[in-house]
file coords.cif (mmCIF, C-alpha atoms; chains and numbers go by the auth columns)
data_final
#
loop_
_atom_site.group_PDB
_atom_site.id
_atom_site.type_symbol
_atom_site.label_atom_id
_atom_site.label_comp_id
_atom_site.label_asym_id
_atom_site.label_seq_id
_atom_site.Cartn_x
_atom_site.Cartn_y
_atom_site.Cartn_z
_atom_site.B_iso_or_equiv
_atom_site.auth_seq_id
_atom_site.auth_asym_id
ATOM 1 C CA MET A 1 -59.192 -75.156 19.598 0.00 1 A
ATOM 2 C CA ILE A 2 -56.714 -77.612 18.020 0.00 2 A
ATOM 3 C CA ASN A 3 -53.058 -76.708 17.631 0.00 3 A
ATOM 4 C CA ILE A 4 -52.746 -78.021 14.082 0.00 4 A
ATOM 5 C CA PHE A 5 -55.178 -75.402 12.836 0.00 5 A
ATOM 6 C CA SER A 6 -53.338 -72.650 14.698 0.00 6 A
ATOM 7 C CA ASN A 7 -50.227 -73.577 12.737 0.00 7 A
ATOM 8 C CA LEU A 8 -52.116 -73.636 9.457 0.00 8 A
ATOM 9 C CA LYS A 9 -53.541 -70.189 10.122 0.00 9 A
ATOM 10 C CA LYS A 10 -50.142 -68.615 10.775 0.00 10 A
ATOM 11 C CA LYS A 11 -47.984 -70.370 8.186 0.00 11 A
ATOM 12 C CA ILE A 12 -50.231 -70.947 5.210 0.00 12 A
ATOM 13 C CA ILE A 13 -52.428 -67.898 4.877 0.00 13 A
ATOM 14 C CA SER A 14 -53.564 -64.833 6.742 0.00 14 A
ATOM 15 C CA LYS A 15 -56.111 -64.821 9.556 0.00 15 A
ATOM 16 C CA LYS A 16 -58.269 -62.493 7.461 0.00 16 A
ATOM 17 C CA ILE A 17 -58.855 -65.202 4.853 0.00 17 A
ATOM 18 C CA PHE A 18 -60.014 -67.695 7.476 0.00 18 A
ATOM 19 C CA ASN A 19 -62.030 -65.062 9.339 0.00 19 A
ATOM 20 C CA LEU A 20 -61.479 -66.828 12.672 0.00 20 A
ATOM 21 C CA LYS A 21 -61.665 -65.813 16.286 0.00 21 A
ATOM 22 C CA LYS A 22 -58.988 -67.116 18.639 0.00 22 A
ATOM 23 C CA THR A 23 -61.590 -68.909 20.737 0.00 23 A
ATOM 24 C CA GLU A 24 -63.492 -70.418 17.813 0.00 24 A
ATOM 25 C CA ASP A 25 -64.110 -74.165 18.093 0.00 25 A
ATOM 26 C CA VAL A 26 -62.511 -76.078 15.205 0.00 26 A
ATOM 27 C CA ARG A 27 -62.218 -79.843 14.813 0.00 27 A
ATOM 28 C CA LEU A 28 -59.949 -81.808 12.522 0.00 28 A
ATOM 29 C CA ILE A 29 -61.742 -84.588 10.622 0.00 29 A
ATOM 30 C CA LYS A 30 -59.828 -87.772 9.824 0.00 30 A
ATOM 31 C CA THR A 31 -59.796 -88.601 6.103 0.00 31 A
ATOM 32 C CA HIS A 32 -58.203 -91.013 3.643 0.00 32 A
ATOM 33 C CA LYS A 33 -54.656 -90.222 2.579 0.00 33 A
ATOM 34 C CA ASN A 34 -55.455 -87.589 -0.018 0.00 34 A
ATOM 35 C CA ASN A 35 -53.434 -84.527 1.090 0.00 35 A
ATOM 36 C CA THR A 36 -56.635 -82.621 1.823 0.00 36 A
ATOM 37 C CA GLN A 37 -57.392 -81.482 5.353 0.00 37 A
ATOM 38 C CA VAL A 38 -60.982 -81.255 6.524 0.00 38 A
ATOM 39 C CA LEU A 39 -62.016 -78.990 9.375 0.00 39 A
ATOM 40 C CA TYR A 40 -65.418 -78.798 11.041 0.00 40 A
ATOM 41 C CA PHE A 41 -66.819 -75.611 12.564 0.00 41 A
ATOM 42 C CA PRO A 42 -69.657 -76.785 14.859 0.00 42 A
ATOM 43 C CA GLN A 43 -70.920 -73.267 15.608 0.00 43 A
ATOM 44 C CA LYS A 44 -71.218 -72.375 11.926 0.00 44 A
ATOM 45 C CA LYS A 45 -72.132 -75.935 10.856 0.00 45 A
ATOM 46 C CA ILE A 46 -69.549 -75.834 8.102 0.00 46 A
ATOM 47 C CA TYR A 47 -66.973 -78.290 6.800 0.00 47 A
ATOM 48 C CA ARG A 48 -63.878 -76.692 5.289 0.00 48 A
ATOM 49 C CA LYS A 49 -61.728 -78.664 2.853 0.00 49 A
ATOM 50 C CA LEU A 50 -58.358 -77.048 2.277 0.00 50 A
ATOM 51 C CA ASN A 51 -55.140 -77.758 0.477 0.00 51 A
ATOM 52 C CA LYS A 52 -51.952 -75.842 -0.233 0.00 52 A
ATOM 53 C CA ASN A 53 -50.204 -77.914 -2.932 0.00 53 A
ATOM 54 C CA LYS A 54 -50.982 -77.711 -6.641 0.00 54 A
ATOM 55 C CA LYS A 55 -52.527 -81.179 -6.976 0.00 55 A
ATOM 56 C CA GLY A 56 -54.571 -80.706 -3.824 0.00 56 A
ATOM 57 C CA LYS A 57 -55.912 -77.357 -4.977 0.00 57 A
ATOM 58 C CA GLU A 58 -57.125 -79.060 -8.151 0.00 58 A
ATOM 59 C CA LYS A 59 -59.183 -81.435 -5.970 0.00 59 A
ATOM 60 C CA ILE A 60 -60.810 -78.467 -4.260 0.00 60 A
ATOM 61 C CA HIS A 61 -61.536 -76.934 -7.670 0.00 61 A
ATOM 62 C CA SER A 62 -62.948 -80.250 -8.872 0.00 62 A
ATOM 63 C CA GLU A 63 -65.242 -80.424 -5.847 0.00 63 A
ATOM 64 C CA ASN A 64 -66.585 -76.966 -6.629 0.00 64 A
ATOM 65 C CA LEU A 65 -67.250 -77.934 -10.252 0.00 65 A
ATOM 66 C CA GLY A 66 -68.848 -81.244 -9.273 0.00 66 A
ATOM 67 C CA ILE A 67 -71.217 -79.743 -6.744 0.00 67 A
ATOM 68 C CA SER A 68 -72.171 -77.003 -9.210 0.00 68 A
ATOM 69 C CA TRP A 69 -72.954 -79.630 -11.856 0.00 69 A
ATOM 70 C CA TYR A 70 -74.907 -81.790 -9.408 0.00 70 A
ATOM 71 C CA CYS A 71 -76.963 -78.878 -8.070 0.00 71 A
ATOM 72 C CA LYS A 72 -78.072 -78.058 -11.603 0.00 72 A
ATOM 73 C CA ARG A 73 -79.082 -81.676 -12.134 0.00 73 A
ATOM 74 C CA ILE A 74 -81.245 -81.873 -8.998 0.00 74 A
ATOM 75 C CA LYS A 75 -82.456 -78.278 -9.411 0.00 75 A
ATOM 76 C CA ILE A 76 -81.245 -76.663 -6.202 0.00 76 A
ATOM 77 C CA LYS A 77 -79.156 -73.533 -5.710 0.00 77 A
ATOM 78 C CA LYS A 78 -75.434 -74.090 -5.282 0.00 78 A
ATOM 79 C CA LYS A 79 -75.417 -71.968 -2.130 0.00 79 A
ATOM 80 C CA TYR A 80 -77.513 -74.681 -0.457 0.00 80 A
ATOM 81 C CA LEU A 81 -74.310 -76.761 -0.325 0.00 81 A
ATOM 82 C CA ILE A 82 -71.440 -74.301 -0.794 0.00 82 A
ATOM 83 C CA LYS A 83 -71.021 -71.253 1.416 0.00 83 A
ATOM 84 C CA ARG A 84 -67.682 -70.153 0.006 0.00 84 A
ATOM 85 C CA TYR A 85 -65.051 -71.241 -2.483 0.00 85 A
ATOM 86 C CA TYR A 86 -61.598 -69.656 -2.429 0.00 86 A
ATOM 87 C CA LYS A 87 -58.792 -70.347 -4.905 0.00 87 A
ATOM 88 C CA GLY A 88 -55.554 -68.541 -4.131 0.00 88 A
ATOM 89 C CA LYS A 89 -51.842 -68.794 -4.878 0.00 89 A
ATOM 90 C CA LYS A 90 -50.949 -70.253 -1.481 0.00 90 A
ATOM 91 C CA ILE A 91 -54.062 -72.226 -0.635 0.00 91 A
ATOM 92 C CA SER A 92 -57.522 -73.203 -1.849 0.00 92 A
ATOM 93 C CA PHE A 93 -60.496 -74.109 0.278 0.00 93 A
ATOM 94 C CA ILE A 94 -64.198 -74.759 0.006 0.00 94 A
ATOM 95 C CA ASP A 95 -66.722 -74.237 2.805 0.00 95 A
ATOM 96 C CA LEU A 96 -69.504 -76.812 2.661 0.00 96 A
ATOM 97 C CA ARG A 97 -72.698 -76.370 4.622 0.00 97 A
ATOM 98 C CA GLU A 98 -73.713 -79.191 6.928 0.00 98 A
ATOM 99 C CA VAL A 99 -76.785 -80.865 5.447 0.00 99 A
ATOM 100 C CA ASP A 100 -79.442 -82.274 7.747 0.00 100 A
ATOM 101 C CA GLY A 101 -80.271 -85.849 6.989 0.00 101 A
ATOM 102 C CA LEU A 102 -79.393 -89.492 7.466 0.00 102 A
ATOM 103 C CA LYS A 103 -76.089 -91.104 6.482 0.00 103 A
ATOM 104 C CA ILE A 104 -76.482 -94.843 6.076 0.00 104 A
ATOM 105 C CA LYS A 105 -73.797 -97.097 7.511 0.00 105 A
ATOM 106 C CA SER A 106 -72.084 -98.803 4.601 0.00 106 A
ATOM 107 C CA TRP A 107 -71.182 -101.877 6.670 0.00 107 A
ATOM 108 C CA ARG A 108 -74.817 -102.853 7.309 0.00 108 A
ATOM 109 C CA PRO A 109 -75.968 -105.949 5.367 0.00 109 A
ATOM 110 C CA LEU A 110 -77.922 -105.584 2.146 0.00 110 A
ATOM 111 C CA SER A 111 -81.168 -106.576 3.838 0.00 111 A
ATOM 112 C CA GLU A 112 -80.954 -103.472 6.045 0.00 112 A
ATOM 113 C CA ASN A 113 -79.897 -101.046 3.304 0.00 113 A
ATOM 114 C CA TYR A 114 -82.149 -102.301 0.513 0.00 114 A
ATOM 115 C CA GLU A 115 -84.805 -99.565 0.815 0.00 115 A
ATOM 116 C CA PHE A 116 -82.151 -96.833 0.625 0.00 116 A
ATOM 117 C CA LEU A 117 -80.582 -98.400 -2.458 0.00 117 A
ATOM 118 C CA LEU A 118 -84.005 -98.344 -4.096 0.00 118 A
ATOM 119 C CA LYS A 119 -84.437 -94.682 -3.159 0.00 119 A
ATOM 120 C CA PHE A 120 -81.122 -93.786 -4.724 0.00 120 A
ATOM 121 C CA PHE A 121 -81.949 -95.855 -7.808 0.00 121 A
ATOM 122 C CA LYS A 122 -85.027 -93.667 -8.371 0.00 122 A
ATOM 123 C CA HIS A 123 -82.963 -90.545 -7.714 0.00 123 A
ATOM 124 C CA TYR A 124 -80.347 -91.598 -10.249 0.00 124 A
ATOM 125 C CA ILE A 125 -82.701 -92.397 -13.113 0.00 125 A
ATOM 126 C CA LYS A 126 -84.610 -89.148 -12.505 0.00 126 A
ATOM 127 C CA PHE A 127 -81.737 -86.682 -12.267 0.00 127 A
ATOM 128 C CA TYR A 128 -78.600 -88.089 -13.903 0.00 128 A
ATOM 129 C CA PRO A 129 -78.192 -87.382 -17.637 0.00 129 A
ATOM 130 C CA LYS A 130 -79.254 -90.334 -19.751 0.00 130 A
ATOM 131 C CA LYS A 131 -76.246 -90.148 -22.031 0.00 131 A
ATOM 132 C CA ARG A 132 -73.992 -93.010 -23.023 0.00 132 A
ATOM 133 C CA ILE A 133 -71.001 -91.136 -21.580 0.00 133 A
ATOM 134 C CA SER A 134 -71.279 -88.685 -18.692 0.00 134 A
ATOM 135 C CA HIS A 135 -69.576 -87.197 -15.635 0.00 135 A
ATOM 136 C CA ILE A 136 -69.088 -89.513 -12.663 0.00 136 A
ATOM 137 C CA HIS A 137 -68.709 -89.131 -8.918 0.00 137 A
ATOM 138 C CA GLY A 138 -65.975 -91.739 -8.941 0.00 138 A
ATOM 139 C CA ASP A 139 -66.288 -93.504 -5.577 0.00 139 A
ATOM 140 C CA LEU A 140 -69.967 -93.398 -4.681 0.00 140 A
ATOM 141 C CA THR A 141 -70.784 -95.364 -1.533 0.00 141 A
ATOM 142 C CA PHE A 142 -73.230 -94.679 1.299 0.00 142 A
ATOM 143 C CA ASP A 143 -70.503 -92.571 2.924 0.00 143 A
ATOM 144 C CA ASN A 144 -71.124 -89.961 0.216 0.00 144 A
ATOM 145 C CA ILE A 145 -74.925 -89.828 0.289 0.00 145 A
ATOM 146 C CA ILE A 146 -77.251 -87.947 2.619 0.00 146 A
ATOM 147 C CA PHE A 147 -80.930 -88.915 2.786 0.00 147 A
ATOM 148 C CA ASN A 148 -83.317 -86.335 4.186 0.00 148 A
ATOM 149 C CA LYS A 149 -87.101 -86.091 4.076 0.00 149 A
ATOM 150 C CA LYS A 150 -87.273 -84.127 0.836 0.00 150 A
ATOM 151 C CA LYS A 151 -84.054 -84.764 -1.042 0.00 151 A
ATOM 152 C CA ILE A 152 -81.127 -87.056 -1.614 0.00 152 A
ATOM 153 C CA ILE A 153 -77.792 -85.218 -1.630 0.00 153 A
ATOM 154 C CA VAL A 154 -74.536 -86.635 -3.006 0.00 154 A
ATOM 155 C CA ILE A 155 -71.400 -85.128 -1.450 0.00 155 A
ATOM 156 C CA ASP A 156 -67.599 -85.324 -1.943 0.00 156 A
ATOM 157 C CA TRP A 157 -67.119 -84.578 -5.645 0.00 157 A
ATOM 158 C CA GLU A 158 -63.307 -84.431 -5.610 0.00 158 A
ATOM 159 C CA PHE A 159 -63.078 -86.815 -8.611 0.00 159 A
ATOM 160 C CA PHE A 160 -65.451 -84.843 -10.834 0.00 160 A
ATOM 161 C CA LYS A 161 -62.644 -84.011 -13.286 0.00 161 A
ATOM 162 C CA ALA A 162 -61.983 -87.707 -13.915 0.00 162 A
ATOM 163 C CA ASN A 163 -62.722 -88.855 -17.458 0.00 163 A
ATOM 164 C CA LYS A 164 -66.385 -89.316 -18.249 0.00 164 A
ATOM 165 C CA SER A 165 -67.668 -92.874 -18.179 0.00 165 A
ATOM 166 C CA LEU A 166 -70.630 -95.059 -19.092 0.00 166 A
ATOM 167 C CA TYR A 167 -74.133 -94.197 -17.912 0.00 167 A
ATOM 168 C CA GLY A 168 -74.765 -96.088 -14.687 0.00 168 A
ATOM 169 C CA TYR A 169 -71.159 -96.024 -13.447 0.00 169 A
ATOM 170 C CA ASP A 170 -71.990 -94.471 -10.058 0.00 170 A
ATOM 171 C CA LEU A 171 -75.145 -96.521 -9.620 0.00 171 A
ATOM 172 C CA VAL A 172 -73.393 -99.829 -10.284 0.00 172 A
ATOM 173 C CA TYR A 173 -70.505 -98.773 -8.045 0.00 173 A
ATOM 174 C CA LEU A 174 -72.929 -98.021 -5.201 0.00 174 A
ATOM 175 C CA PHE A 175 -74.852 -101.294 -5.561 0.00 175 A
ATOM 176 C CA LEU A 176 -71.665 -103.325 -5.733 0.00 176 A
ATOM 177 C CA SER A 177 -70.124 -101.516 -2.746 0.00 177 A
ATOM 178 C CA ALA A 178 -73.265 -102.295 -0.742 0.00 178 A
ATOM 179 C CA ALA A 179 -72.731 -105.958 -1.562 0.00 179 A
ATOM 180 C CA CYS A 180 -69.038 -105.889 -0.600 0.00 180 A
ATOM 181 C CA LEU A 181 -68.257 -103.429 2.192 0.00 181 A
ATOM 182 C CA PRO A 182 -70.431 -105.124 4.858 0.00 182 A
ATOM 183 C CA TYR A 183 -68.637 -108.412 4.243 0.00 183 A
ATOM 184 C CA LEU A 184 -64.977 -107.416 4.512 0.00 184 A
ATOM 185 C CA ASN A 185 -64.587 -109.010 7.937 0.00 185 A
ATOM 186 C CA LEU A 186 -65.184 -112.641 6.937 0.00 186 A
ATOM 187 C CA ARG A 187 -68.966 -112.251 6.986 0.00 187 A
ATOM 188 C CA LYS A 188 -70.854 -114.034 4.238 0.00 188 A
ATOM 189 C CA LEU A 189 -73.866 -113.106 2.174 0.00 189 A
ATOM 190 C CA SER A 190 -76.990 -114.617 3.691 0.00 190 A
ATOM 191 C CA ASN A 191 -79.609 -116.258 1.469 0.00 191 A
ATOM 192 C CA GLN A 192 -81.755 -113.172 1.935 0.00 192 A
ATOM 193 C CA ASP A 193 -78.878 -110.909 0.884 0.00 193 A
ATOM 194 C CA GLU A 194 -78.306 -113.003 -2.239 0.00 194 A
ATOM 195 C CA ILE A 195 -81.961 -112.632 -3.223 0.00 195 A
ATOM 196 C CA ILE A 196 -81.796 -108.863 -2.664 0.00 196 A
ATOM 197 C CA PHE A 197 -78.592 -108.536 -4.673 0.00 197 A
ATOM 198 C CA LYS A 198 -80.233 -110.351 -7.584 0.00 198 A
ATOM 199 C CA LYS A 199 -83.179 -107.952 -7.458 0.00 199 A
ATOM 200 C CA LEU A 200 -80.858 -104.940 -7.459 0.00 200 A
ATOM 201 C CA TRP A 201 -78.735 -106.248 -10.322 0.00 201 A
ATOM 202 C CA LYS A 202 -81.802 -106.994 -12.421 0.00 202 A
ATOM 203 C CA LEU A 203 -82.868 -103.371 -11.954 0.00 203 A
ATOM 204 C CA LEU A 204 -79.584 -102.281 -13.513 0.00 204 A
ATOM 205 C CA ILE A 205 -80.056 -104.634 -16.444 0.00 205 A
ATOM 206 C CA ASN A 206 -83.670 -103.535 -16.951 0.00 206 A
ATOM 207 C CA ILE A 207 -82.702 -99.883 -17.438 0.00 207 A
ATOM 208 C CA LYS A 208 -80.215 -101.019 -20.092 0.00 208 A
ATOM 209 C CA ILE A 209 -76.982 -100.152 -18.348 0.00 209 A
ATOM 210 C CA SER A 210 -74.061 -101.346 -20.477 0.00 210 A
ATOM 211 C CA ASN A 211 -73.119 -104.977 -19.953 0.00 211 A
ATOM 212 C CA LYS A 212 -69.512 -103.773 -19.714 0.00 212 A
ATOM 213 C CA LEU A 213 -70.554 -102.623 -16.247 0.00 213 A
ATOM 214 C CA THR A 214 -73.050 -105.282 -15.263 0.00 214 A
ATOM 215 C CA ASP A 215 -71.276 -108.413 -16.567 0.00 215 A
ATOM 216 C CA ARG A 216 -67.794 -107.876 -15.114 0.00 216 A
ATOM 217 C CA PRO A 217 -68.008 -104.937 -12.708 0.00 217 A
ATOM 218 C CA PHE A 218 -64.870 -105.648 -10.661 0.00 218 A
ATOM 219 C CA SER A 219 -62.713 -105.802 -13.780 0.00 219 A
ATOM 220 C CA TYR A 220 -64.307 -102.682 -15.225 0.00 220 A
ATOM 221 C CA PHE A 221 -63.817 -100.570 -12.094 0.00 221 A
ATOM 222 C CA SER A 222 -60.271 -101.801 -11.508 0.00 222 A
ATOM 223 C CA LYS A 223 -59.261 -100.962 -15.066 0.00 223 A
ATOM 224 C CA LYS A 224 -60.978 -97.559 -14.931 0.00 224 A
ATOM 225 C CA ILE A 225 -59.394 -96.537 -11.621 0.00 225 A
ATOM 226 C CA LYS A 226 -55.894 -97.661 -12.607 0.00 226 A
ATOM 227 C CA SER A 227 -56.019 -95.998 -16.035 0.00 227 A
ATOM 228 C CA ASP A 228 -57.760 -92.709 -15.231 0.00 228 A
ATOM 229 C CA PHE A 229 -55.281 -89.908 -14.478 0.00 229 A
ATOM 230 C CA ILE A 230 -57.353 -88.418 -11.621 0.00 230 A
ATOM 231 C CA LEU A 231 -58.503 -91.656 -9.978 0.00 231 A
ATOM 232 C CA LYS A 232 -55.091 -93.291 -10.307 0.00 232 A
ATOM 233 C CA LYS A 233 -53.414 -90.546 -8.254 0.00 233 A
ATOM 234 C CA SER A 234 -55.772 -91.198 -5.336 0.00 234 A
ATOM 235 C CA PHE A 235 -55.391 -94.970 -5.739 0.00 235 A
ATOM 236 C CA ARG A 236 -51.615 -94.634 -5.392 0.00 236 A
ATOM 237 C CA LEU A 237 -52.045 -92.691 -2.154 0.00 237 A
ATOM 238 C CA SER A 238 -54.465 -95.214 -0.632 0.00 238 A
ATOM 239 C CA LYS A 239 -55.997 -98.339 -2.164 0.00 239 A
ATOM 240 C CA ARG A 240 -58.589 -98.302 0.611 0.00 240 A
ATOM 241 C CA LYS A 241 -60.248 -95.350 -1.084 0.00 241 A
ATOM 242 C CA PHE A 242 -61.757 -97.775 -3.614 0.00 242 A
ATOM 243 C CA PHE A 243 -63.573 -100.858 -2.309 0.00 243 A
ATOM 244 C CA PRO A 244 -62.822 -103.216 -5.275 0.00 244 A
ATOM 245 C CA PHE A 245 -59.190 -103.345 -4.144 0.00 245 A
ATOM 246 C CA ILE A 246 -59.935 -104.357 -0.564 0.00 246 A
ATOM 247 C CA THR A 247 -62.637 -106.922 -1.333 0.00 247 A
ATOM 248 C CA SER A 248 -61.408 -110.486 -0.954 0.00 248 A
ATOM 249 C CA ASN A 249 -61.106 -112.726 -4.015 0.00 249 A
ATOM 250 C CA THR A 250 -63.418 -115.228 -2.314 0.00 250 A
ATOM 251 C CA HIS A 251 -66.162 -112.633 -2.001 0.00 251 A
ATOM 252 C CA LYS A 252 -65.623 -111.398 -5.550 0.00 252 A
ATOM 253 C CA LYS A 253 -66.068 -114.955 -6.846 0.00 253 A
ATOM 254 C CA LYS A 254 -69.301 -115.252 -4.861 0.00 254 A
ATOM 255 C CA ILE A 255 -70.681 -112.026 -6.331 0.00 255 A
ATOM 256 C CA MET A 256 -69.634 -112.992 -9.845 0.00 256 A
ATOM 257 C CA LYS A 257 -71.305 -116.377 -9.444 0.00 257 A
ATOM 258 C CA ILE A 258 -74.586 -114.618 -8.650 0.00 258 A
ATOM 259 C CA ILE A 259 -74.157 -112.243 -11.604 0.00 259 A
ATOM 260 C CA ASN A 260 -73.524 -115.176 -13.944 0.00 260 A
ATOM 261 C CA GLU A 261 -76.635 -116.913 -12.627 0.00 261 A
ATOM 262 C CA ILE A 262 -78.645 -113.815 -13.536 0.00 262 A
ATOM 263 C CA LYS A 263 -77.142 -113.827 -17.047 0.00 263 A
ATOM 264 C CA ASN A 264 -78.074 -117.488 -17.492 0.00 264 A
ATOM 265 C CA GLU A 265 -81.680 -116.774 -16.515 0.00 265 A
ATOM 266 C CA LYS A 266 -82.192 -114.669 -19.649 0.00 266 A
#

call {"tool": "encode", "arguments": {"input": "coords.cif", "output": "structure tokens"}}
result
Amino acid sequence: MINIFSNLKKKIISKKIFNLKKTEDVRLIKTHKNNTQVLYFPQKKIYRKLNKNKKGKEKIHSENLGISWYCKRIKIKKKYLIKRYYKGKKISFIDLREVDGLKIKSWRPLSENYEFLLKFFKHYIKFYPKKRISHIHGDLTFDNIIFNKKKIIVIDWEFFKANKSLYGYDLVYLFLSAACLPYLNLRKLSNQDEIIFKKLWKLLINIKISNKLTDRPFSYFSKKIKSDFILKKSFRLSKRKFFPFITSNTHKKKIMKIINEIKNEK
């Protein structure tokens, strides 16, 4: 058992709320700088996100709302993902069930992740509301998606209360992250990766996603994140939370060159 959790149990809230045994195995999960602590209970297969300050408790509330909304979209019961949600005066927490499935490594090249991007593309156009403006996940990368045999599950909805945005926001963000995150460490897009990126971007254009997203995606996301009240707070805590701000200018120019080539093919 880790000492940090012992302190939390005594100082923040009563043992009854946590329903813990002294010998229970608890592990602290490292996260981005977002004032939310994440604990893993391996015996119960549960992740607990908890926060004691006002802003942090709003993130927990937002996660509960986001998962509830998403479960309705994909037609599963909320209890499949959430075991318990508690909102109190001193602390809020949400217990999330561990979901069996595959988490794709976001640093793998496009050629290795292409089939999973196509799977999520089909998932998105089937389940997300086809409205001009809709709710967004806010920072959708492979880190927030679980692929299992029957379903695709999107997790980590802490930005659900961000302002609604254009249809396709999360899908474009995912595709663009898959073309940027693997190449942060001076790696370059291979010829094969360039071909795959063109195929993916043409899919976005073919389903009539707004050209505000597809023509200048880096500018659009940067402006959205810096201007949105919810996203901006997280950005100020850690720029690394959002990949457009850690992608090199050289790589951005390369991606934009490919996007402009696609536009000129029309």

call {"tool": "resolve_selection", "arguments": {"input": "coords.cif", "expression": "the PyMOL selection byres ((chain A and resi 198) around 12)", "output": "ChimeraX atom specification"}}
result
/A:110,114,175-176,179,189,191-197,199-205,214,255-263,265

call {"tool": "residues_around", "arguments": {"input": "coords.cif", "residues": "segment 49-63 of chain A", "least_positions_apart": "2", "cutoff": "7 Å", "atoms": "only C-alpha atoms", "output": "list in words"}}
result
Asn35, Thr36, Gln37, Val38, Leu39, Tyr47, Leu65, Gly66, Ile67, Lys90, Ile91, Ser92, Phe93, Ile94, Asp95, Asp156, Trp157, Glu158, Phe159, Phe160 and Lys161 of chain A

call {"tool": "closest_residue", "arguments": {"input": "coords.cif", "among": "A:Phe235, A:Tyr167, A:Tyr80, A:Phe147", "to": "Glu115 of chain A", "atoms": "only C-alpha atoms"}}
result
A:Phe147

call {"tool": "resolve_selection", "arguments": {"input": "coords.cif", "expression": "the PyMOL selection byres ((chain A and resi 84) around 8)", "output": "ChimeraX atom specification"}}
result
/A:82-83,85-86,94-96

call {"tool": "resolve_selection", "arguments": {"input": "coords.cif", "expression": "the PyMOL selection byres ((chain A and resi 238-249) around 10)", "output": "ChimeraX atom specification"}}
result
/A:31-34,138-141,173,176-178,180-181,183-186,217-219,221-222,225,231-237,250-255

call {"tool": "atom_distance", "arguments": {"input": "coords.cif", "atom1": "atom CA of Lys87 of chain A", "atom2": "atom CA of Arg48 of chain A"}}
result
13.0 Å

call {"tool": "atom_distance", "arguments": {"input": "coords.cif", "atom1": "atom CA of Asn148 of chain A", "atom2": "atom CA of Leu117 of chain A"}}
result
14.0 Å

call {"tool": "atom_distance", "arguments": {"input": "coords.cif", "atom1": "atom CA of Gly168 of chain A", "atom2": "atom CA of Ser227 of chain A"}}
result
18.8 Å

call {"tool": "closest_residue", "arguments": {"input": "coords.cif", "among": "A:Lys151, A:His137, A:Lys164, A:Arg187", "to": "Tyr70 of chain A", "atoms": "only C-alpha atoms"}}
result
A:His137

call {"tool": "residues_around", "arguments": {"input": "coords.cif", "residues": "Lys126 of chain A", "least_positions_apart": "3", "cutoff": "12 Å", "atoms": "only C-alpha atoms", "output": "PyMOL selection string"}}
result
chain A and resi 73-75+119-123+129-130+152+207

call {"tool": "closest_residue", "arguments": {"input": "coords.cif", "among": "A:Pro182, A:Ser165, A:Cys71, A:Asn264", "to": "Ser111 of chain A", "atoms": "all atoms listed in the file"}}
result
A:Pro182

call {"tool": "residues_around", "arguments": {"input": "coords.cif", "residues": "Lys103 of chain A", "least_positions_apart": "5", "cutoff": "7 Å", "atoms": "all atoms listed in the file", "output": "number ranges by chain"}}
result
A: 142-143, 145-147

call {"tool": "axis_aligned_box", "arguments": {"input": "coords.cif", "around": "segment 41-47 of chain A", "padding_each_side": "5 Å", "output": "JSON"}}
result
{"center_x": -69.5, "center_y": -75.3, "center_z": 11.2, "size_x": 15.3, "size_y": 15.9, "size_z": 18.8}
